[in-house]
$ cat protein.csv   # CSV, C-alpha atoms and all ligand atoms
chain,number,residue,atom,x,y,z
A,1,ALA,CA,26.9,-3.8,17.1
A,2,PRO,CA,24.6,-2.1,14.6
A,3,ALA,CA,26.2,0.3,12.1
A,4,ARG,CA,25.9,4.0,13.1
A,5,SER,CA,23.5,5.9,11.1
A,6,ASN,CA,22.5,9.6,10.9
A,7,ILE,CA,19.0,10.6,10.0
A,8,LEU,CA,17.5,14.0,9.6
A,9,VAL,CA,14.1,14.3,11.3
A,10,LEU,CA,11.7,16.9,9.9
A,11,PRO,CA,8.5,16.7,11.8
A,12,GLY,CA,6.8,19.7,10.1
A,13,ASP,CA,3.4,21.0,10.9
A,14,GLY,CA,0.0,19.9,12.2
A,15,ILE,CA,-0.1,16.2,13.1
A,16,GLY,CA,3.5,15.8,11.7
A,17,PRO,CA,5.2,16.4,15.1
A,18,GLU,CA,2.5,14.4,16.9
A,19,ALA,CA,3.0,11.3,14.7
A,20,MET,CA,6.8,11.7,14.8
A,21,ALA,CA,6.8,11.7,18.6
A,22,GLU,CA,5.7,8.1,18.5
A,23,VAL,CA,8.6,7.1,16.2
A,24,ASP,CA,10.9,8.9,18.6
A,25,LYS,CA,9.7,6.5,21.3
A,26,ILE,CA,10.6,3.5,19.2
A,27,ILE,CA,14.0,4.8,18.2
A,28,ALA,CA,14.8,5.7,21.9
A,29,TRP,CA,14.1,2.1,22.9
A,30,THR,CA,15.9,0.3,20.0
A,31,ASN,CA,18.9,2.6,20.6
A,32,ALA,CA,18.9,1.9,24.3
A,33,GLU,CA,18.7,-1.9,23.6
A,34,GLY,CA,21.7,-1.6,21.2
A,35,LEU,CA,19.5,-2.8,18.3
A,36,THR,CA,20.1,0.4,16.4
A,37,ALA,CA,22.7,3.2,16.6
A,38,ILE,CA,20.6,5.9,15.1
A,39,GLU,CA,21.6,9.5,15.6
A,40,THR,CA,18.8,11.9,14.9
A,41,ASP,CA,19.1,15.5,14.0
A,42,VAL,CA,15.9,17.4,14.2
A,43,ASP,CA,15.1,20.5,12.1
A,44,LEU,CA,12.2,22.7,10.9
A,45,VAL,CA,10.3,22.4,7.6
A,46,GLY,CA,7.2,23.8,6.2
A,47,GLY,CA,5.1,26.4,8.0
A,48,ALA,CA,7.2,25.9,11.2
A,49,ALA,CA,10.4,26.8,9.2
A,50,TYR,CA,8.6,29.8,7.6
A,51,ASP,CA,7.5,31.2,11.0
A,52,ASP,CA,11.1,30.8,12.3
A,53,HIS,CA,13.1,32.2,9.4
A,54,GLY,CA,10.9,33.0,6.4
A,55,GLN,CA,11.7,30.0,4.2
A,56,ALA,CA,10.0,26.6,4.0
A,57,ILE,CA,13.4,24.9,4.6
A,58,SER,CA,16.7,26.5,5.4
A,59,ASP,CA,19.9,26.0,3.5
A,60,ALA,CA,21.5,24.5,6.6
A,61,ALA,CA,18.7,21.9,6.9
A,62,MET,CA,19.1,21.1,3.2
A,63,GLU,CA,22.8,20.5,3.8
A,64,LYS,CA,22.0,18.2,6.6
A,65,ALA,CA,19.5,16.4,4.4
A,66,LEU,CA,22.1,15.9,1.7
A,67,ALA,CA,24.6,14.5,4.2
A,68,ALA,CA,22.2,12.2,6.2
A,69,ASP,CA,21.7,8.5,5.6
A,70,ALA,CA,18.0,9.3,5.3
A,71,VAL,CA,15.4,11.9,5.9
A,72,LEU,CA,12.3,11.2,8.0
A,73,PHE,CA,9.6,13.7,7.1
A,74,GLY,CA,6.3,14.3,8.9
A,75,ALA,CA,3.8,16.6,7.1
A,76,VAL,CA,3.6,20.2,6.2
A,77,GLY,CA,1.0,22.9,5.6
A,78,GLY,CA,-2.2,24.3,7.1
A,79,PRO,CA,-4.6,27.2,6.8
A,80,LYS,CA,-2.2,29.4,8.9
A,81,TRP,CA,0.1,29.7,5.9
A,82,ASP,CA,-2.4,30.2,3.2
A,83,ASP,CA,-1.2,33.7,2.4
A,84,VAL,CA,2.6,33.3,2.6
A,85,PRO,CA,4.5,34.1,-0.6
A,86,TYR,CA,4.4,31.2,-3.1
A,87,ASP,CA,8.1,30.4,-2.9
A,88,ALA,CA,8.0,30.1,0.9
A,89,ARG,CA,4.7,28.1,1.1
A,90,PRO,CA,5.1,25.0,3.3
A,91,GLU,CA,4.9,22.6,0.3
A,92,ALA,CA,8.0,24.4,-1.2
A,93,GLY,CA,10.1,22.7,1.5
A,94,LEU,CA,8.9,19.3,0.5
A,95,LEU,CA,9.4,20.0,-3.2
A,96,ARG,CA,13.0,21.4,-2.6
A,97,LEU,CA,13.9,18.2,-0.7
A,98,ARG,CA,12.6,16.0,-3.5
A,99,LYS,CA,14.4,18.1,-6.2
A,100,ASP,CA,17.7,18.6,-4.5
A,101,LEU,CA,18.0,15.0,-3.3
A,102,ALA,CA,16.9,14.0,-6.9
A,103,LEU,CA,14.4,11.5,-5.5
A,104,PHE,CA,13.3,9.8,-8.8
A,105,ALA,CA,11.7,6.6,-7.4
A,106,ASN,CA,8.6,6.9,-5.3
A,107,LEU,CA,7.6,3.7,-3.4
A,108,ARG,CA,4.1,3.3,-2.2
A,109,PRO,CA,3.3,0.0,-0.5
A,110,ALA,CA,-0.3,-1.1,-0.2
A,111,ILE,CA,-0.5,-3.5,2.6
A,112,CYS,CA,-3.8,-4.7,3.9
A,113,TYR,CA,-3.7,-5.7,7.5
A,114,PRO,CA,-6.1,-8.6,8.1
A,115,ALA,CA,-7.9,-6.7,10.9
A,116,LEU,CA,-8.7,-3.8,8.6
A,117,ALA,CA,-9.8,-5.9,5.5
A,118,SER,CA,-13.4,-4.9,6.1
A,119,ALA,CA,-12.4,-1.2,5.8
A,120,SER,CA,-11.4,-1.6,2.2
A,121,SER,CA,-13.4,-0.4,-0.8
A,122,LEU,CA,-13.3,-4.0,-2.0
A,123,LYS,CA,-14.6,-7.3,-0.6
A,124,PRO,CA,-12.4,-8.4,2.4
A,125,GLU,CA,-11.4,-11.7,0.7
A,126,LEU,CA,-9.9,-9.7,-2.3
A,127,VAL,CA,-7.6,-7.7,-0.1
A,128,GLU,CA,-6.9,-9.7,3.0
A,129,GLY,CA,-3.1,-10.3,3.1
A,130,LEU,CA,-2.6,-7.9,0.2
A,131,ASP,CA,1.1,-6.7,0.0
A,132,ILE,CA,2.0,-4.9,-3.2
A,133,LEU,CA,4.5,-2.1,-3.9
A,134,ILE,CA,4.0,0.5,-6.5
A,135,VAL,CA,7.2,2.0,-7.8
A,136,ARG,CA,6.4,5.3,-9.5
A,137,GLU,CA,8.9,7.4,-11.5
A,138,LEU,CA,8.8,10.8,-9.8
A,139,THR,CA,11.0,13.3,-11.6
A,140,GLY,CA,10.2,12.8,-15.3
A,141,GLY,CA,7.2,12.3,-17.6
A,142,VAL,CA,4.3,14.5,-18.5
A,143,TYR,CA,4.6,16.6,-15.3
A,144,PHE,CA,7.9,18.0,-16.3
A,145,GLY,CA,8.3,17.4,-20.1
A,146,GLU,CA,8.8,20.4,-22.4
A,147,PRO,CA,7.1,22.0,-24.1
A,148,LYS,CA,4.6,22.8,-21.4
A,149,GLU,CA,2.5,25.8,-22.3
A,150,VAL,CA,-0.8,27.4,-23.1
A,151,VAL,CA,-0.9,29.4,-26.4
A,152,THR,CA,-3.7,31.5,-27.8
A,153,LEU,CA,-4.5,30.6,-31.4
A,154,GLU,CA,-5.4,33.1,-34.1
A,155,ASN,CA,-9.1,32.2,-33.9
A,156,GLY,CA,-9.0,33.1,-30.2
A,157,GLU,CA,-9.1,29.5,-28.9
A,158,GLN,CA,-6.5,28.4,-26.4
A,159,ARG,CA,-4.3,25.4,-26.8
A,160,ALA,CA,-2.6,23.7,-23.8
A,161,VAL,CA,0.3,21.4,-24.1
A,162,ASP,CA,1.9,18.9,-21.7
A,163,THR,CA,4.6,16.6,-23.0
A,164,GLN,CA,5.4,13.1,-21.9
A,165,VAL,CA,9.2,12.7,-22.1
A,166,TYR,CA,11.3,9.8,-21.0
A,167,THR,CA,14.9,8.9,-21.8
A,168,THR,CA,16.5,5.4,-21.9
A,169,HIS,CA,18.5,6.4,-18.7
A,170,GLU,CA,15.4,7.5,-16.8
A,171,ILE,CA,13.5,4.3,-17.6
A,172,ASP,CA,16.5,2.0,-16.9
A,173,ARG,CA,17.2,3.5,-13.5
A,174,ILE,CA,13.6,3.2,-12.3
A,175,ALA,CA,13.4,-0.4,-13.7
A,176,ARG,CA,16.5,-1.3,-11.7
A,177,VAL,CA,15.0,0.0,-8.5
A,178,ALA,CA,11.9,-2.1,-9.1
A,179,PHE,CA,13.9,-5.3,-9.9
A,180,GLU,CA,16.1,-4.8,-6.9
A,181,LEU,CA,13.1,-4.3,-4.6
A,182,ALA,CA,11.4,-7.4,-6.1
A,183,ARG,CA,14.3,-9.5,-5.1
A,184,THR,CA,13.7,-8.5,-1.4
A,185,ARG,CA,10.0,-9.5,-1.8
A,186,SER,CA,8.2,-12.0,-4.1
A,187,ASN,CA,10.4,-11.6,-7.2
A,188,GLN,CA,7.8,-10.4,-9.6
A,189,VAL,CA,7.6,-7.1,-11.4
A,190,CYS,CA,4.7,-5.9,-13.6
A,191,SER,CA,5.6,-2.9,-15.8
A,192,MET,CA,2.7,-0.7,-16.9
A,193,GLU,CA,2.6,1.7,-19.8
A,194,LYS,CA,0.5,2.5,-22.9
A,195,ARG,CA,2.7,1.2,-25.7
A,196,ASN,CA,-0.4,0.8,-27.9
A,197,VAL,CA,-0.9,4.6,-28.1
A,198,MET,CA,2.3,6.3,-26.8
A,199,ARG,CA,5.8,6.4,-28.2
A,200,SER,CA,7.2,6.8,-24.7
A,201,GLY,CA,5.2,3.6,-23.8
A,202,VAL,CA,7.0,1.7,-26.6
A,203,LEU,CA,10.4,2.9,-25.3
A,204,TRP,CA,9.4,2.2,-21.7
A,205,ASN,CA,8.5,-1.4,-22.6
A,206,LYS,CA,11.7,-1.9,-24.6
A,207,VAL,CA,14.0,-0.5,-21.9
A,208,VAL,CA,12.4,-2.4,-19.0
A,209,THR,CA,12.7,-5.6,-21.0
A,210,ALA,CA,16.4,-4.8,-21.8
A,211,THR,CA,17.2,-4.0,-18.2
A,212,HIS,CA,15.5,-7.2,-17.1
A,213,ALA,CA,18.5,-9.1,-18.7
A,214,ASP,CA,20.4,-8.1,-15.5
A,215,PHE,CA,17.7,-9.6,-13.3
A,216,GLN,CA,16.8,-12.9,-14.9
A,217,ASP,CA,15.8,-14.3,-11.5
A,218,VAL,CA,13.0,-11.8,-11.3
A,219,GLU,CA,9.7,-12.6,-13.2
A,220,LEU,CA,8.7,-9.7,-15.5
A,221,SER,CA,5.3,-9.1,-17.0
A,222,HIS,CA,3.9,-6.1,-18.9
A,223,MET,CA,0.4,-4.7,-18.8
A,224,LEU,CA,-1.3,-1.7,-20.5
A,225,ALA,CA,-1.8,0.8,-17.7
A,226,ASP,CA,-5.6,1.0,-18.1
A,227,ALA,CA,-5.9,-2.8,-17.9
A,228,GLY,CA,-3.6,-2.6,-14.9
A,229,GLY,CA,-6.0,-0.3,-13.2
A,230,MET,CA,-8.8,-2.7,-13.9
A,231,GLN,CA,-6.7,-5.6,-12.5
A,232,LEU,CA,-5.8,-3.7,-9.4
A,233,VAL,CA,-9.5,-3.5,-8.4
A,234,ARG,CA,-10.4,-7.0,-9.8
A,235,ALA,CA,-7.7,-9.1,-8.3
A,236,PRO,CA,-5.0,-7.0,-6.6
A,237,LYS,CA,-3.2,-9.9,-5.0
A,238,GLN,CA,-1.9,-11.0,-8.4
A,239,PHE,CA,0.8,-8.2,-8.1
A,240,ASP,CA,4.0,-7.9,-6.2
A,241,VAL,CA,6.0,-4.9,-7.5
A,242,ILE,CA,4.4,-2.6,-10.1
A,243,VAL,CA,6.7,-0.2,-11.9
A,244,THR,CA,5.2,2.7,-13.9
A,245,ASP,CA,5.7,6.3,-15.0
A,246,ASN,CA,4.9,9.5,-13.1
A,247,LEU,CA,1.3,10.0,-14.3
A,248,PHE,CA,0.1,6.4,-14.3
A,249,GLY,CA,1.9,5.9,-11.0
A,250,ASP,CA,0.1,8.9,-9.4
A,251,MET,CA,-3.3,7.5,-10.3
A,252,LEU,CA,-2.5,3.8,-9.7
A,253,SER,CA,-1.0,4.4,-6.3
A,254,ASP,CA,-4.1,6.3,-5.2
A,255,VAL,CA,-6.2,3.5,-6.4
A,256,ALA,CA,-4.1,1.0,-4.5
A,257,ALA,CA,-4.3,3.2,-1.4
A,258,MET,CA,-8.0,2.8,-1.3
A,259,LEU,CA,-7.7,-1.0,-1.4
A,260,THR,CA,-6.3,-0.8,2.1
A,261,GLY,CA,-8.4,1.7,4.1
A,262,SER,CA,-7.3,4.9,5.9
A,263,LEU,CA,-4.9,7.6,4.9
A,264,GLY,CA,-3.5,7.3,8.4
A,265,MET,CA,-2.0,3.9,7.5
A,266,LEU,CA,-0.1,4.6,4.4
A,267,PRO,CA,3.7,5.1,4.3
A,268,SER,CA,6.0,6.0,1.4
A,269,ALA,CA,9.6,6.2,0.4
A,270,SER,CA,11.3,8.3,-2.2
A,271,LEU,CA,14.8,7.2,-3.4
A,272,GLY,CA,17.5,8.9,-5.3
A,273,ALA,CA,20.5,7.6,-7.2
A,274,GLU,CA,23.2,5.5,-5.7
A,275,ASP,CA,26.3,7.3,-4.6
A,276,ALA,CA,29.2,6.2,-6.8
A,277,THR,CA,31.6,5.8,-3.8
A,278,THR,CA,29.4,4.7,-0.9
A,279,GLY,CA,26.7,2.8,-2.9
A,280,LYS,CA,24.1,4.5,-0.7
A,281,ARG,CA,21.0,6.1,-2.0
A,282,LYS,CA,19.6,9.4,-1.0
A,283,ALA,CA,16.2,8.7,0.5
A,284,MET,CA,13.2,10.4,2.2
A,285,TYR,CA,10.5,8.6,4.1
A,286,GLU,CA,7.1,10.1,4.8
A,287,PRO,CA,3.5,9.2,5.4
A,288,VAL,CA,1.1,9.7,2.4
A,289,HIS,CA,-1.2,11.9,4.5
A,290,GLY,CA,-0.8,15.7,5.1
A,291,SER,CA,-0.9,17.8,8.2
A,292,ALA,CA,-4.6,17.2,9.0
A,293,PRO,CA,-5.3,20.6,10.5
A,294,ASP,CA,-8.9,19.4,11.3
A,295,ILE,CA,-7.5,17.1,14.0
A,296,ALA,CA,-4.1,18.6,14.8
A,297,GLY,CA,-3.3,19.3,18.4
A,298,GLN,CA,-6.1,17.0,19.7
A,299,GLY,CA,-4.2,13.7,20.1
A,300,LYS,CA,-6.4,12.1,17.5
A,301,ALA,CA,-3.8,11.4,14.7
A,302,ASN,CA,-3.0,7.9,13.7
A,303,PRO,CA,0.8,7.5,14.0
A,304,ILE,CA,0.8,4.2,12.0
A,305,ALA,CA,1.7,5.7,8.6
A,306,MET,CA,4.6,7.5,10.2
A,307,VAL,CA,5.8,4.4,12.1
A,308,ALA,CA,5.4,2.4,8.9
A,309,SER,CA,7.5,5.0,7.1
A,310,PHE,CA,10.2,4.5,9.7
A,311,ALA,CA,10.0,0.8,9.1
A,312,MET,CA,10.6,1.4,5.4
A,313,MET,CA,13.7,3.5,6.3
A,314,LEU,CA,15.0,0.7,8.4
A,315,ARG,CA,14.6,-1.7,5.4
A,316,TYR,CA,15.8,0.4,2.5
A,317,SER,CA,18.3,2.9,4.0
A,318,LEU,CA,19.7,1.4,7.2
A,319,GLY,CA,20.0,-2.3,6.0
A,320,MET,CA,17.8,-3.5,8.9
A,321,ALA,CA,15.1,-5.5,7.1
A,322,ASP,CA,14.5,-7.8,10.0
A,323,LEU,CA,13.8,-5.0,12.4
A,324,ALA,CA,11.6,-3.4,9.8
A,325,THR,CA,9.5,-6.6,9.5
A,326,GLN,CA,9.3,-6.7,13.3
A,327,VAL,CA,7.9,-3.2,13.4
A,328,GLU,CA,5.4,-4.1,10.8
A,329,THR,CA,4.4,-7.2,12.7
A,330,ALA,CA,3.9,-5.0,15.8
A,331,ILE,CA,1.5,-2.8,13.8
A,332,ALA,CA,-0.5,-5.9,12.7
A,333,ASN,CA,-0.6,-7.3,16.2
A,334,VAL,CA,-1.8,-4.0,17.7
A,335,LEU,CA,-4.6,-3.9,15.1
A,336,ASP,CA,-5.4,-7.5,15.7
A,337,ALA,CA,-5.8,-6.6,19.4
A,338,GLY,CA,-8.5,-4.1,18.4
A,339,ILE,CA,-6.5,-1.0,19.3
A,340,ARG,CA,-7.7,1.8,17.0
A,341,THR,CA,-7.3,5.5,16.5
A,342,GLY,CA,-10.5,7.3,15.4
A,343,ASP,CA,-9.8,7.2,11.7
A,344,ILE,CA,-9.9,3.4,11.7
A,345,ALA,CA,-12.1,2.7,14.7
A,346,GLY,CA,-15.4,2.1,12.9
A,347,SER,CA,-18.4,1.6,15.1
A,348,GLY,CA,-18.3,-0.1,18.4
A,349,ILE,CA,-14.7,0.6,19.2
A,350,THR,CA,-13.6,3.4,21.6
A,351,PRO,CA,-10.7,5.1,19.9
A,352,VAL,CA,-7.3,5.5,21.6
A,353,SER,CA,-5.2,8.7,21.4
A,354,THR,CA,-2.1,9.1,19.3
A,355,SER,CA,0.2,8.5,22.2
A,356,GLN,CA,-1.8,5.5,23.4
A,357,MET,CA,-1.4,4.0,20.0
A,358,GLY,CA,2.3,4.8,20.0
A,359,ASP,CA,2.7,3.2,23.4
A,360,ALA,CA,0.8,0.1,22.2
A,361,LEU,CA,3.1,-0.1,19.2
A,362,LEU,CA,6.2,0.2,21.3
A,363,ALA,CA,5.0,-2.4,23.8
A,364,GLU,CA,4.4,-4.8,20.8
A,365,VAL,CA,7.8,-4.0,19.3
A,366,GLN,CA,9.3,-4.9,22.6
A,367,LYS,CA,7.5,-8.3,22.5
A,368,VAL,CA,8.3,-9.3,18.9
A,369,VAL,CA,12.0,-8.2,18.8
B,1,LIG,P1,-4.7,15.4,5.0
B,1,LIG,O1,-4.0,14.2,4.6
B,1,LIG,O2,-3.9,16.3,5.9
B,1,LIG,O3,-6.1,15.1,5.6
B,1,LIG,C1,-7.2,14.5,4.9
B,1,LIG,C2,-8.2,13.9,5.9
B,1,LIG,O4,-7.6,12.7,6.5
B,1,LIG,C3,-8.4,14.8,7.1
B,1,LIG,O5,-9.8,14.6,7.5
B,1,LIG,C4,-7.5,14.3,8.2
B,1,LIG,O6,-8.0,14.5,9.5
B,1,LIG,C5,-7.4,12.8,7.9
B,1,LIG,N1,-6.1,12.2,8.3
B,1,LIG,C6,-5.0,12.4,7.6
B,1,LIG,N2,-4.0,11.8,8.2
B,1,LIG,C7,-4.5,11.2,9.3
B,1,LIG,C8,-3.9,10.5,10.4
B,1,LIG,N3,-2.6,10.2,10.4
B,1,LIG,N4,-4.7,10.1,11.4
B,1,LIG,C9,-6.1,10.3,11.3
B,1,LIG,N5,-6.6,11.0,10.3
B,1,LIG,C10,-5.9,11.5,9.3
B,1,LIG,O7,-5.0,16.2,3.6
B,1,LIG,P2,-5.7,17.6,3.4
B,1,LIG,O8,-6.7,17.9,4.4
B,1,LIG,O9,-6.0,17.7,2.0
B,1,LIG,O10,-4.5,18.7,3.6
B,1,LIG,C11,-4.2,19.3,4.9
B,1,LIG,C12,-2.9,20.1,4.8
B,1,LIG,O11,-1.9,19.2,4.5
B,1,LIG,C13,-2.9,21.1,3.6
B,1,LIG,O12,-2.2,22.2,4.0
B,1,LIG,C14,-2.1,20.3,2.5
B,1,LIG,O13,-1.5,21.2,1.6
B,1,LIG,C15,-1.1,19.5,3.4
B,1,LIG,N6,-0.6,18.3,2.8
B,1,LIG,C16,0.7,18.0,3.0
B,1,LIG,C17,1.2,16.8,2.5
B,1,LIG,C18,2.6,16.5,2.9
B,1,LIG,O14,3.2,17.1,3.8
B,1,LIG,N7,3.2,15.5,2.3
B,1,LIG,C19,0.4,15.9,1.7
B,1,LIG,C20,-1.0,16.3,1.6
B,1,LIG,C21,-1.5,17.4,2.1
B,2,MG,MG,-1.8,11.7,-6.1
$ encode --input "protein.csv" --output "structure tokens" --more "lines below"
Ligand code: NAI
Ligand code: MG
Amino acid sequence: APARSNILVLPGDGIGPEAMAEVDKIIAWTNAEGLTAIETDVDLVGGAAYDDHGQAISDAAMEKALAADAVLFGAVGGPKWDDVPYDARPEAGLLRLRKDLALFANLRPAICYPALASASSLKPELVEGLDILIVRELTGGVYFGEPKEVVTLENGEQRAVDTQVYTTHEIDRIARVAFELARTRSNQVCSMEKRNVMRSGVLWNKVVTATHADFQDVELSHMLADAGGMQLVRAPKQFDVIVTDNLFGDMLSDVAAMLTGSLGMLPSASLGAEDATTGKRKAMYEPVHGSAPDIAGQGKANPIAMVASFAMMLRYSLGMADLATQVETAIANVLDAGIRTGDIAGSGITPVSTSQMGDALLAEVQKVV
């Protein structure tokens, strides 16, 4: 029998709950079949939580998040909450989760499903079969380093300062995540920094190389981050896992996203440190897209990013890599069959609704499992 697991489900606002409903269908079936034993606890986050109790996430929900095997997050925000106090704005719920769970490793896969290769910004042959994983350091670097300030100089000019800071420990732990993930994939890590112009880049390079001693079976290469950006659009299939800092990772993961087409297709995972006693990592899984207020409530949302986020949860938090691959195969098969929501339909295909896409995904999961 599969190991029992407890996940906290936070559907959020806008299309978040609509996409999450399609994941619920899959969990209900895998549980009924005895393939999984997932207990779900559902709570409010974002604008929905603010409307209920005035905070973007309650302390009780945070406690559940800390105790759960993983958090599955939909999306938050929307024009309805534009004027709420800054500390209670919907995004504050997401930021508190990331901070309190100490999610320092952000995983953004860029997978190009063959049926969507023509939707890429690149030529189809450059991206068909693409499967790369960007591992971005999420809690350090120039977004958080001190000093961070704007000062007015004697001559009246202003001077703004952001500081890139990384410690050996921060670099070592993100490198370990990248090497461990590479072992479950094609065993290659490319580390990107700017050691030619940044002290932190020199340290990054040195620490990643030192950490690699514990992962001799994984192939390690280094690239300057600007050259890496160039290579990502020139020949993206050369990469397997890319590990990089917070700022470069922010930009490179958005570049990689556009190699594969729509926002409605992109999942992500954020991982924290391993628990010393259980060996388990805190983790949150969420689509890259937001709450899409322009299409919310109309049954138009593409649930694939949400379902693919669930697949990542199966793989990285619940130890069910095979089932994760089967869910991803189901996604590919549904796309191959020409079933499309509006965001990926292109011309000549009549789009299906969110729930029709979810039903098609479930039917395909039932076939491939
Ligand atoms: P968005 O990702 O919500 O939407 C951008 C565009 O992509 C829209 O035209 C939308 O209809 C489309 N889109 C997004 N996901 C889709 C899907 N699954 N299926 C079909 N089409 C999809 O970003 P936007 O418009 O900048 O932000 C809307 C709200 O979401 C804002 O309140 C923003 O703060 C919030 N947001 C929340 C995030 C989160 O919860 N992690 C991330 C990004 C934005
Ligand atoms: Mg970004």
$ residues_near_ligand --input "protein.csv" --ligand "ligand MG 2 (chain B)" --cutoff "10 Å" --atoms "all atoms listed in the file" --output "list in words"
Asn246, Leu247, Phe248, Gly249, Asp250, Met251, Leu252, Ser253, Asp254, Val255 and Val288 of chain A
$ residues_near_ligand --input "protein.csv" --ligand "ligand LIG 1 (chain B)" --cutoff "10 Å" --atoms "only C-alpha atoms and all ligand atoms" --output "ChimeraX atom specification"
/A:11-16,18-19,45-47,73-82,89-91,93-95,262-266,268,286-296,299-306,341-344,354
$ write_last_selection --input "protein.csv" --atoms "C-alpha atoms" --output "PDB file, keeping the file's coordinate frame"
ATOM      1  CA  PRO A  11       8.500  16.700  11.800  1.00  0.00           C
ATOM      2  CA  GLY A  12       6.800  19.700  10.100  1.00  0.00           C
ATOM      3  CA  ASP A  13       3.400  21.000  10.900  1.00  0.00           C
ATOM      4  CA  GLY A  14       0.000  19.900  12.200  1.00  0.00           C
ATOM      5  CA  ILE A  15      -0.100  16.200  13.100  1.00  0.00           C
ATOM      6  CA  GLY A  16       3.500  15.800  11.700  1.00  0.00           C
ATOM      7  CA  GLU A  18       2.500  14.400  16.900  1.00  0.00           C
ATOM      8  CA  ALA A  19       3.000  11.300  14.700  1.00  0.00           C
ATOM      9  CA  VAL A  45      10.300  22.400   7.600  1.00  0.00           C
ATOM     10  CA  GLY A  46       7.200  23.800   6.200  1.00  0.00           C
ATOM     11  CA  GLY A  47       5.100  26.400   8.000  1.00  0.00           C
ATOM     12  CA  PHE A  73       9.600  13.700   7.100  1.00  0.00           C
ATOM     13  CA  GLY A  74       6.300  14.300   8.900  1.00  0.00           C
ATOM     14  CA  ALA A  75       3.800  16.600   7.100  1.00  0.00           C
ATOM     15  CA  VAL A  76       3.600  20.200   6.200  1.00  0.00           C
ATOM     16  CA  GLY A  77       1.000  22.900   5.600  1.00  0.00           C
ATOM     17  CA  GLY A  78      -2.200  24.300   7.100  1.00  0.00           C
ATOM     18  CA  PRO A  79      -4.600  27.200   6.800  1.00  0.00           C
ATOM     19  CA  LYS A  80      -2.200  29.400   8.900  1.00  0.00           C
ATOM     20  CA  TRP A  81       0.100  29.700   5.900  1.00  0.00           C
ATOM     21  CA  ASP A  82      -2.400  30.200   3.200  1.00  0.00           C
ATOM     22  CA  ARG A  89       4.700  28.100   1.100  1.00  0.00           C
ATOM     23  CA  PRO A  90       5.100  25.000   3.300  1.00  0.00           C
ATOM     24  CA  GLU A  91       4.900  22.600   0.300  1.00  0.00           C
ATOM     25  CA  GLY A  93      10.100  22.700   1.500  1.00  0.00           C
ATOM     26  CA  LEU A  94       8.900  19.300   0.500  1.00  0.00           C
ATOM     27  CA  LEU A  95       9.400  20.000  -3.200  1.00  0.00           C
ATOM     28  CA  SER A 262      -7.300   4.900   5.900  1.00  0.00           C
ATOM     29  CA  LEU A 263      -4.900   7.600   4.900  1.00  0.00           C
ATOM     30  CA  GLY A 264      -3.500   7.300   8.400  1.00  0.00           C
ATOM     31  CA  MET A 265      -2.000   3.900   7.500  1.00  0.00           C
ATOM     32  CA  LEU A 266      -0.100   4.600   4.400  1.00  0.00           C
ATOM     33  CA  SER A 268       6.000   6.000   1.400  1.00  0.00           C
ATOM     34  CA  GLU A 286       7.100  10.100   4.800  1.00  0.00           C
ATOM     35  CA  PRO A 287       3.500   9.200   5.400  1.00  0.00           C
ATOM     36  CA  VAL A 288       1.100   9.700   2.400  1.00  0.00           C
ATOM     37  CA  HIS A 289      -1.200  11.900   4.500  1.00  0.00           C
ATOM     38  CA  GLY A 290      -0.800  15.700   5.100  1.00  0.00           C
ATOM     39  CA  SER A 291      -0.900  17.800   8.200  1.00  0.00           C
ATOM     40  CA  ALA A 292      -4.600  17.200   9.000  1.00  0.00           C
ATOM     41  CA  PRO A 293      -5.300  20.600  10.500  1.00  0.00           C
ATOM     42  CA  ASP A 294      -8.900  19.400  11.300  1.00  0.00           C
ATOM     43  CA  ILE A 295      -7.500  17.100  14.000  1.00  0.00           C
ATOM     44  CA  ALA A 296      -4.100  18.600  14.800  1.00  0.00           C
ATOM     45  CA  GLY A 299      -4.200  13.700  20.100  1.00  0.00           C
ATOM     46  CA  LYS A 300      -6.400  12.100  17.500  1.00  0.00           C
ATOM     47  CA  ALA A 301      -3.800  11.400  14.700  1.00  0.00           C
ATOM     48  CA  ASN A 302      -3.000   7.900  13.700  1.00  0.00           C
ATOM     49  CA  PRO A 303       0.800   7.500  14.000  1.00  0.00           C
ATOM     50  CA  ILE A 304       0.800   4.200  12.000  1.00  0.00           C
ATOM     51  CA  ALA A 305       1.700   5.700   8.600  1.00  0.00           C
ATOM     52  CA  MET A 306       4.600   7.500  10.200  1.00  0.00           C
ATOM     53  CA  THR A 341      -7.300   5.500  16.500  1.00  0.00           C
ATOM     54  CA  GLY A 342     -10.500   7.300  15.400  1.00  0.00           C
ATOM     55  CA  ASP A 343      -9.800   7.200  11.700  1.00  0.00           C
ATOM     56  CA  ILE A 344      -9.900   3.400  11.700  1.00  0.00           C
ATOM     57  CA  THR A 354      -2.100   9.100  19.300  1.00  0.00           C
TER      58      THR A 354
END
$ closest_residue --input "protein.csv" --among "A:Leu133, A:Leu107, A:Leu138, A:Val23" --to "A:Gln188" --atoms "only C-alpha atoms"
A:Leu133
$ closest_atom_pairs --input "protein.csv" --of "stretch 31-96 of chain A" --to "stretch 365-369 of chain A" --cutoff "12 Å" --atoms "only C-alpha atoms" --output "Markdown table"
| residue | atom | partner | partner_atom | distance |
| --- | --- | --- | --- | --- |
| A:Ala32 | CA | A:Gln366 | CA | 11.9 |
| A:Glu33 | CA | A:Gln366 | CA | 9.9 |
| A:Gly34 | CA | A:Val369 | CA | 12.0 |
| A:Leu35 | CA | A:Val369 | CA | 9.3 |
$ closest_residue --input "protein.csv" --among "A:Ile171, A:Ile339, A:Val9, A:Leu314" --to "A:Lys206" --atoms "all atoms listed in the file"
A:Ile171
